[in-house]
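Pasting work-v5.csv here (CSV, C-alpha atoms and all ligand atoms):
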```csv
chain,number,residue,atom,x,y,z
A,1,MET,CA,21.1,14.0,-32.0
A,2,ILE,CA,18.6,14.7,-29.2
A,3,GLN,CA,17.9,18.3,-28.3
A,4,LYS,CA,20.3,19.6,-25.6
A,5,SER,CA,18.4,21.0,-22.7
A,6,PRO,CA,19.0,21.6,-19.0
A,7,GLN,CA,17.0,18.3,-18.5
A,8,HIS,CA,18.9,16.2,-21.1
A,9,PRO,CA,18.6,12.6,-20.0
A,10,TYR,CA,21.2,11.2,-17.5
A,11,VAL,CA,22.4,7.7,-18.4
A,12,LEU,CA,24.1,5.2,-16.2
A,13,VAL,CA,26.2,2.8,-18.3
A,14,VAL,CA,27.4,-0.4,-16.7
A,15,GLU,CA,29.9,-2.2,-18.8
A,16,ASP,CA,33.1,-4.1,-17.9
A,17,ASP,CA,34.6,-4.1,-21.4
A,18,ARG,CA,36.8,-0.9,-21.3
A,19,ASP,CA,36.5,-0.2,-25.1
A,20,GLN,CA,32.8,-0.7,-25.2
A,21,ARG,CA,32.3,1.4,-22.1
A,22,ARG,CA,34.4,4.3,-23.5
A,23,LEU,CA,32.6,4.0,-26.8
A,24,LEU,CA,29.2,4.3,-25.2
A,25,GLU,CA,30.3,7.1,-22.8
A,26,ALA,CA,31.7,9.2,-25.7
A,27,GLY,CA,29.1,8.3,-28.2
A,28,LEU,CA,26.1,9.0,-25.9
A,29,GLY,CA,27.8,12.2,-24.7
A,30,GLN,CA,28.1,13.4,-28.3
A,31,GLN,CA,24.4,12.7,-28.8
A,32,GLY,CA,23.4,15.1,-26.0
A,33,PHE,CA,23.1,12.7,-23.0
A,34,ARG,CA,24.8,13.2,-19.7
A,35,VAL,CA,26.6,9.9,-19.0
A,36,THR,CA,28.2,8.2,-16.0
A,37,ALA,CA,29.9,4.9,-17.0
A,38,VAL,CA,31.0,2.3,-14.4
A,39,ARG,CA,32.5,-1.2,-14.8
A,40,ASP,CA,30.5,-3.2,-12.3
A,41,CYS,CA,27.2,-3.5,-10.5
A,42,ARG,CA,28.6,-2.6,-7.1
A,43,SER,CA,29.7,0.8,-8.5
A,44,ALA,CA,26.4,1.2,-10.3
A,45,LEU,CA,24.4,0.7,-7.1
A,46,HIS,CA,26.7,3.2,-5.4
A,47,ARG,CA,26.0,5.8,-8.1
A,48,LEU,CA,22.3,5.1,-8.0
A,49,THR,CA,22.2,5.9,-4.3
A,50,LEU,CA,24.0,9.2,-4.9
A,51,GLU,CA,22.3,10.5,-8.1
A,52,LYS,CA,19.0,10.4,-10.0
A,53,PHE,CA,19.4,8.8,-13.4
A,54,ASP,CA,16.9,8.8,-16.2
A,55,VAL,CA,17.9,5.4,-17.7
A,56,VAL,CA,20.3,2.5,-17.0
A,57,VAL,CA,22.1,0.7,-19.8
A,58,SER,CA,23.8,-2.4,-18.5
A,59,ASP,CA,25.7,-5.3,-19.8
A,60,LEU,CA,24.3,-8.7,-18.7
A,61,ASN,CA,27.6,-10.6,-18.2
A,62,LEU,CA,29.5,-8.6,-15.6
A,63,PRO,CA,32.2,-9.8,-13.2
A,64,GLY,CA,30.7,-10.4,-9.7
A,65,MET,CA,27.0,-9.4,-9.8
A,66,ARG,CA,25.4,-9.9,-13.2
A,67,GLY,CA,23.2,-7.4,-15.0
A,68,ASP,CA,20.0,-9.3,-14.3
A,69,GLU,CA,20.7,-9.2,-10.6
A,70,LEU,CA,21.3,-5.5,-10.8
A,71,LEU,CA,17.9,-5.2,-12.5
A,72,ARG,CA,16.2,-7.2,-9.8
A,73,LEU,CA,17.7,-5.0,-7.0
A,74,ILE,CA,16.7,-1.8,-8.9
A,75,ARG,CA,13.1,-3.1,-9.4
A,76,ASN,CA,12.8,-3.7,-5.7
A,77,VAL,CA,13.0,0.0,-5.1
A,78,ASP,CA,12.1,1.6,-8.4
A,79,LYS,CA,9.5,0.1,-10.7
A,80,THR,CA,9.8,2.7,-13.4
A,81,LEU,CA,13.4,3.5,-14.1
A,82,PRO,CA,14.0,2.6,-17.8
A,83,PHE,CA,16.6,-0.3,-18.0
A,84,ILE,CA,18.2,-1.5,-21.2
A,85,MET,CA,20.1,-4.8,-21.1
A,86,LEU,CA,23.1,-5.4,-23.4
A,87,THR,CA,23.8,-9.0,-24.1
A,88,GLY,CA,26.0,-11.4,-26.1
A,89,GLU,CA,24.5,-13.7,-28.7
A,90,ASN,CA,24.3,-16.7,-26.3
A,91,ASP,CA,22.3,-14.9,-23.7
A,92,VAL,CA,19.1,-14.4,-25.5
A,93,ASP,CA,17.1,-16.7,-23.1
A,94,VAL,CA,18.4,-14.8,-20.1
A,95,ALA,CA,17.7,-11.5,-21.8
A,96,VAL,CA,14.1,-12.5,-22.6
A,97,ARG,CA,13.7,-13.4,-19.0
A,98,ALA,CA,15.2,-10.0,-18.0
A,99,VAL,CA,12.6,-8.2,-20.1
A,100,ARG,CA,9.9,-10.2,-18.4
A,101,ASP,CA,11.5,-9.3,-15.0
A,102,GLY,CA,11.3,-5.6,-15.8
A,103,ALA,CA,13.9,-4.6,-18.3
A,104,ASP,CA,12.5,-2.3,-21.0
A,105,GLU,CA,14.6,-3.5,-23.9
A,106,TYR,CA,17.6,-5.7,-24.7
A,107,LEU,CA,20.2,-5.2,-27.3
A,108,MET,CA,22.7,-7.7,-28.9
A,109,LYS,CA,26.3,-6.7,-28.6
A,110,PRO,CA,28.1,-5.2,-30.3
A,111,ALA,CA,25.5,-2.4,-30.4
A,112,SER,CA,26.2,0.8,-32.3
A,113,VAL,CA,25.7,4.0,-30.4
A,114,GLY,CA,22.9,4.9,-32.8
A,115,LYS,CA,21.0,1.7,-31.8
A,116,VAL,CA,21.6,2.3,-28.1
A,117,VAL,CA,20.2,5.9,-28.4
A,118,GLN,CA,17.2,4.6,-30.3
A,119,HIS,CA,16.4,2.1,-27.6
A,120,ILE,CA,17.0,4.6,-24.8
A,121,LEU,CA,14.6,7.1,-26.3
A,122,SER,CA,11.9,4.5,-27.0
A,123,ALA,CA,12.2,3.0,-23.5
A,124,MET,CA,12.0,6.5,-21.9
A,125,ASP,CA,9.0,7.3,-24.1
A,126,ARG,CA,7.2,4.1,-23.2
A,127,ARG,CA,7.8,4.7,-19.5
A,128,ARG,CA,6.6,8.3,-19.7
A,129,ARG,CA,3.4,7.2,-21.5
A,130,SER,CA,2.7,4.4,-19.0
A,131,THR,CA,3.3,6.8,-16.0
A,132,ASP,CA,0.9,9.3,-17.6
A,133,LYS,CA,-1.7,6.5,-18.0
A,134,ASP,CA,-1.2,5.4,-14.4
A,135,ARG,CA,-1.6,8.9,-13.2
A,136,LYS,CA,-4.8,9.3,-15.1
A,137,LEU,CA,-6.1,6.0,-13.8
A,138,ARG,CA,-5.2,7.0,-10.2
A,139,ASP,CA,-6.9,10.3,-10.6
A,140,ALA,CA,-10.1,8.7,-12.0
A,141,ASP,CA,-9.9,6.2,-9.2
A,142,MET,CA,-9.6,8.9,-6.5
A,143,ALA,CA,-12.4,11.0,-8.1
A,144,GLN,CA,-14.7,7.9,-8.0
A,145,LEU,CA,-13.9,7.1,-4.4
A,146,LYS,CA,-14.4,10.8,-3.4
A,147,ALA,CA,-17.8,10.9,-5.1
A,148,PHE,CA,-18.8,7.7,-3.3
A,149,MET,CA,-17.4,8.9,0.0
A,150,SER,CA,-19.4,12.2,-0.1
A,151,GLY,CA,-22.5,10.1,-0.6
A,152,VAL,CA,-21.6,7.8,2.3
A,153,GLN,CA,-20.7,10.8,4.4
A,154,ALA,CA,-24.4,11.7,4.5
A,155,LEU,CA,-25.1,8.3,5.9
A,156,VAL,CA,-22.3,8.7,8.5
A,157,ASN,CA,-23.7,12.0,9.5
A,158,SER,CA,-27.2,10.6,10.0
A,159,LEU,CA,-25.7,7.7,12.0
A,160,GLU,CA,-23.8,10.2,14.2
A,161,THR,CA,-26.9,12.2,14.9
A,162,LYS,CA,-28.7,9.0,15.8
A,163,ASP,CA,-25.9,7.6,18.0
A,164,GLU,CA,-23.9,10.2,20.0
A,165,TYR,CA,-21.2,7.7,20.8
A,166,THR,CA,-20.3,7.0,17.2
A,167,ARG,CA,-19.5,10.7,16.7
A,168,ASN,CA,-15.7,10.9,16.5
A,169,HIS,CA,-15.4,7.2,17.4
A,170,SER,CA,-15.1,6.2,13.7
A,171,LYS,CA,-12.6,8.9,13.1
A,172,LYS,CA,-10.4,7.8,16.0
A,173,VAL,CA,-10.7,4.1,15.1
A,174,ALA,CA,-9.6,5.0,11.5
A,175,GLN,CA,-6.7,7.1,12.9
A,176,ILE,CA,-5.5,4.3,15.1
A,177,ALA,CA,-5.9,1.5,12.5
A,178,LEU,CA,-4.0,3.6,10.0
A,179,MET,CA,-1.1,4.4,12.4
A,180,MET,CA,-0.7,0.7,13.1
A,181,ALA,CA,-1.0,-0.3,9.4
A,182,GLN,CA,1.7,2.2,8.5
A,183,ARG,CA,4.1,0.3,10.8
A,184,LEU,CA,3.6,-3.0,8.9
A,185,PRO,CA,6.1,-3.9,6.2
A,186,GLY,CA,5.0,-4.0,2.6
A,187,MET,CA,1.9,-1.9,2.8
A,188,ASP,CA,1.2,0.2,-0.3
A,189,LYS,CA,-0.9,3.4,-0.6
A,190,ARG,CA,-4.0,1.7,-1.8
A,191,GLN,CA,-4.0,-0.9,1.0
A,192,LEU,CA,-3.6,1.9,3.6
A,193,ARG,CA,-6.4,3.9,2.0
A,194,GLU,CA,-8.8,1.0,2.0
A,195,ILE,CA,-8.0,0.3,5.7
A,196,ARG,CA,-8.6,3.9,6.6
A,197,VAL,CA,-11.9,4.1,4.6
A,198,GLY,CA,-13.0,0.7,6.0
A,199,ALA,CA,-12.3,1.8,9.5
A,200,LEU,CA,-14.1,5.1,9.0
A,201,LEU,CA,-17.2,3.2,7.8
A,202,HIS,CA,-16.9,0.2,10.1
A,203,ASP,CA,-20.1,1.0,12.1
A,204,ILE,CA,-22.1,2.4,9.2
A,205,GLY,CA,-24.5,-0.6,9.4
A,206,LYS,CA,-25.7,0.6,12.8
A,207,ILE,CA,-28.0,2.9,10.8
A,208,GLY,CA,-30.2,-0.1,10.4
A,209,ILE,CA,-30.5,-0.9,14.1
A,210,PRO,CA,-33.5,0.5,16.0
A,211,LEU,CA,-32.7,3.4,18.3
A,212,THR,CA,-34.4,1.7,21.2
A,213,ILE,CA,-31.7,-1.0,21.0
A,214,LEU,CA,-28.8,1.3,20.1
A,215,HIS,CA,-29.5,3.6,23.1
A,216,LYS,CA,-30.6,1.0,25.6
A,217,GLU,CA,-28.8,1.3,28.9
A,218,GLY,CA,-28.1,-1.9,30.6
A,219,LYS,CA,-27.9,-5.4,29.2
A,220,LEU,CA,-29.4,-6.4,25.9
A,221,ASP,CA,-31.6,-9.5,25.7
A,222,GLU,CA,-30.7,-12.2,23.2
A,223,ASP,CA,-32.9,-10.9,20.4
A,224,GLU,CA,-31.6,-7.4,20.8
A,225,TRP,CA,-28.1,-8.7,20.8
A,226,GLU,CA,-28.8,-10.6,17.6
A,227,ALA,CA,-30.2,-7.4,16.0
A,228,VAL,CA,-27.0,-5.4,17.0
A,229,LYS,CA,-24.8,-8.1,15.5
A,230,LYS,CA,-26.5,-7.6,12.1
A,231,HIS,CA,-24.9,-4.1,11.7
A,232,THR,CA,-21.9,-5.8,10.1
A,233,ILE,CA,-24.1,-7.4,7.4
A,234,TYR,CA,-26.1,-4.1,6.9
A,235,GLY,CA,-22.7,-2.3,6.6
A,236,ALA,CA,-21.5,-4.6,3.9
A,237,ARG,CA,-24.8,-4.2,2.1
A,238,ILE,CA,-24.7,-0.4,2.2
A,239,LEU,CA,-21.2,-0.5,0.7
A,240,GLU,CA,-22.3,-2.8,-2.1
A,241,PRO,CA,-21.6,-0.1,-4.7
A,242,LEU,CA,-17.9,-0.2,-3.6
A,243,ALA,CA,-17.6,-3.9,-4.0
A,244,LYS,CA,-16.4,-3.9,-7.6
A,245,ASP,CA,-13.6,-1.3,-7.2
A,246,TYR,CA,-12.9,-1.6,-3.5
A,247,PRO,CA,-13.8,-5.2,-2.4
A,248,LEU,CA,-11.5,-4.8,0.6
A,249,VAL,CA,-13.4,-2.0,2.1
A,250,GLN,CA,-16.6,-4.0,2.0
A,251,ALA,CA,-14.9,-7.1,3.4
A,252,ILE,CA,-13.3,-5.0,6.2
A,253,VAL,CA,-16.7,-3.7,7.3
A,254,ARG,CA,-18.4,-7.1,7.1
A,255,HIS,CA,-15.7,-8.8,9.2
A,256,GLU,CA,-14.8,-6.1,11.8
A,257,HIS,CA,-16.2,-8.2,14.6
A,258,GLU,CA,-14.5,-11.5,13.7
A,259,ARG,CA,-12.2,-12.8,16.5
A,260,TRP,CA,-8.8,-14.3,15.9
A,261,ASP,CA,-10.0,-17.6,17.5
A,262,GLY,CA,-13.0,-17.9,15.2
A,263,GLY,CA,-15.5,-17.0,17.9
A,264,GLY,CA,-16.7,-13.7,16.3
A,265,TYR,CA,-19.4,-12.7,13.9
A,266,PRO,CA,-21.0,-12.7,11.3
A,267,ASP,CA,-19.1,-15.6,9.6
A,268,GLY,CA,-16.9,-17.0,12.4
A,269,LEU,CA,-13.7,-16.4,10.3
A,270,ALA,CA,-10.4,-17.1,12.1
A,271,GLY,CA,-6.8,-16.1,11.9
A,272,THR,CA,-5.5,-14.6,8.7
A,273,ASP,CA,-8.8,-15.5,6.9
A,274,ILE,CA,-10.0,-12.3,8.6
A,275,PRO,CA,-9.1,-9.2,6.5
A,276,LEU,CA,-6.1,-7.4,7.9
A,277,GLY,CA,-8.1,-4.2,8.1
A,278,SER,CA,-10.8,-5.9,10.2
A,279,ARG,CA,-8.1,-7.3,12.6
A,280,LEU,CA,-6.7,-3.8,13.0
A,281,ILE,CA,-10.2,-2.4,13.7
A,282,MET,CA,-10.8,-5.1,16.3
A,283,ILE,CA,-7.8,-3.7,18.3
A,284,ALA,CA,-8.5,0.0,17.5
A,285,ASP,CA,-12.2,-0.3,18.4
A,286,THR,CA,-11.5,-2.0,21.7
A,287,TYR,CA,-8.9,0.7,22.6
A,288,ASP,CA,-11.2,3.6,21.8
A,289,ALA,CA,-14.2,2.0,23.6
A,290,ILE,CA,-12.1,1.6,26.8
A,291,CYS,CA,-10.8,5.1,26.5
A,292,SER,CA,-14.3,6.7,26.0
A,293,THR,CA,-16.9,7.7,28.5
A,294,ARG,CA,-20.1,5.7,28.1
A,295,PRO,CA,-23.5,6.3,29.9
A,296,TYR,CA,-22.7,3.4,32.3
A,297,ARG,CA,-19.0,4.0,33.0
A,298,LYS,CA,-16.2,6.5,32.9
A,299,ALA,CA,-13.3,6.4,30.4
A,300,GLN,CA,-10.4,4.3,31.5
A,301,SER,CA,-6.7,4.7,31.0
A,302,ARG,CA,-4.7,3.7,28.0
A,303,GLU,CA,-2.6,1.4,30.2
A,304,PHE,CA,-5.8,-0.5,31.2
A,305,ALA,CA,-6.7,-0.7,27.4
A,306,LEU,CA,-3.2,-2.1,26.8
A,307,LYS,CA,-3.7,-4.8,29.5
A,308,VAL,CA,-7.1,-5.9,28.0
A,309,ILE,CA,-5.6,-6.1,24.5
A,310,GLN,CA,-2.5,-8.0,25.7
A,311,GLU,CA,-4.8,-10.5,27.6
A,312,GLY,CA,-6.9,-11.0,24.5
A,313,SER,CA,-3.8,-11.6,22.2
A,314,GLY,CA,-4.3,-14.9,20.3
A,315,THR,CA,-8.0,-15.2,21.3
A,316,GLN,CA,-9.8,-12.0,20.4
A,317,PHE,CA,-6.9,-10.2,18.8
A,318,ASP,CA,-4.3,-11.0,16.1
A,319,PRO,CA,-1.1,-11.9,18.2
A,320,GLY,CA,1.0,-10.6,15.3
A,321,LEU,CA,-0.6,-7.2,15.6
A,322,VAL,CA,-0.6,-6.8,19.4
A,323,PRO,CA,3.2,-6.0,19.4
A,324,VAL,CA,2.5,-3.3,16.8
A,325,PHE,CA,-0.1,-1.9,19.2
A,326,GLU,CA,2.3,-2.1,22.1
A,327,GLN,CA,4.8,0.0,20.2
A,328,THR,CA,2.3,2.7,19.1
A,329,TYR,CA,-0.5,2.9,21.7
A,330,HIS,CA,1.1,5.8,23.6
A,331,GLU,CA,0.5,7.9,20.5
A,332,PHE,CA,-3.2,7.2,20.4
A,333,PRO,CA,-5.8,9.6,21.9
A,334,CYS,CA,-7.0,8.8,25.4
A,335,PRO,CA,-8.5,11.4,27.8
A,336,VAL,CA,-7.3,9.6,30.9
B,1,FE,FE,-19.0,-2.5,15.1
```

Since I need it in another form, could you write the structure as structure tokens?
Amino acid sequence: MIQKSPQHPYVLVVEDDRDQRRLLEAGLGQQGFRVTAVRDCRSALHRLTLEKFDVVVSDLNLPGMRGDELLRLIRNVDKTLPFIMLTGENDVDVAVRAVRDGADEYLMKPASVGKVVQHILSAMDRRRRSTDKDRKLRDADMAQLKAFMSGVQALVNSLETKDEYTRNHSKKVAQIALMMAQRLPGMDKRQLREIRVGALLHDIGKIGIPLTILHKEGKLDEDEWEAVKKHTIYGARILEPLAKDYPLVQAIVRHEHERWDGGGYPDGLAGTDIPLGSRLIMIADTYDAICSTRPYRKAQSREFALKVIQEGSGTQFDPGLVPVFEQTYHEFPCPV
């Protein structure tokens, strides 16, 4: 019997066979588990929205929705909830597939309560260990990124002293790119973090551009313009140490001046070949440039920035991202 404690595991049993369901409910209860037993997947999904379970034990062949379909729906929203599949003898192939699709264990019916308990405990233990491992990896990952970022911060600071305009510009571009990225479906934490870091560092390569060019008022000649364009390549080179663990950050910085129609630099990438983070920066950078005061002109309104970005949709800017900008731009900083 497992130790009874205020946190004793809560099991959701999904079984259409009444005798089997009652047997599991009573047997698991006697072993110290809290149990809710339902007869079909619809009721199971309902219970899952109401309560937090520690493990699901489900029959495979259920009337209406099957156990493997229930597993699929659960995995869409919860990758770690332990799931044990009960199956009849002829369902082994499906059960093996279910394990591949995210079930922790499968058990042939009829399964004794003792066997079910054993499988529940081993599934929960395995999940706990892999969650601990994930957390440790995540922590190590974050520590490494932080260490690198503090090194890069020194570079950002020296760039900001070199070029007044860049001060706060990178921060604002990162804020705008992140706010837009958060509106996109299917973005995970790591992608959002890489986009934010990429945007923060997008102009870091300007540290390699001579001050006389960076601060020149008026039009740049062809050679000067070619020199400025190199900041994307310098940026990617500075971020080389990040390439192994964060290849996206480096790619975002290299391609932040690529245009949707392929007319940008340094590689003339087009459409979705351009990293998403770079396409977001293209919009955020333009917005912030328009809304900032420069030596040769005053800041302009966010409505004017909107017009410029709408006009460039499909040529300079990703037409799929412009509607996201339209929905969010009123939240972005603009002094006018
Ligand atoms: Fe740039």

Find the spatial neighbours of Val324 of chain A, counting all atoms listed in the file, within a cut-off of 9 Å - ignore same-chain residues fewer than 3 positions away - and output them as a list in words.
Met180, Ala181, Arg183, Leu184, Gly320, Leu321, Gln327, Thr328 and Tyr329 of chain A

Here's a test: counting only C-alpha atoms, identify every protein, DNA and RNA residue with an atom at most 7 Å from (-5.3, 1.6, 10.2) in the file's coordinate frame, and state them as a ChimeraX atom specification.
/A:174-181,192,195-196,277,280

Which neighbours of Ala289 of chain A fall inside 9 Å, counting all atoms listed in the file, when residues of the same chain fewer than 4 positions from it are skipped, and could you give them as a PyMOL selection string?
chain A and resi 169+284-285+293-294+299+305

Could you give me, as a ChimeraX atom specification, every polymer residue with an atom at most 9 Å away from an atom of ligand FE 1 (chain B), counting only C-alpha atoms and all ligand atoms?
/A:202-206,228-229,231-232,253,256-257,281-282,285

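Using all atoms listed in the file for every distance, the candidate list A:Gly114, A:Gly64, A:Pro82, A:Gly235 yields A:Pro82 as the residue closest to Tyr10 of chain A.
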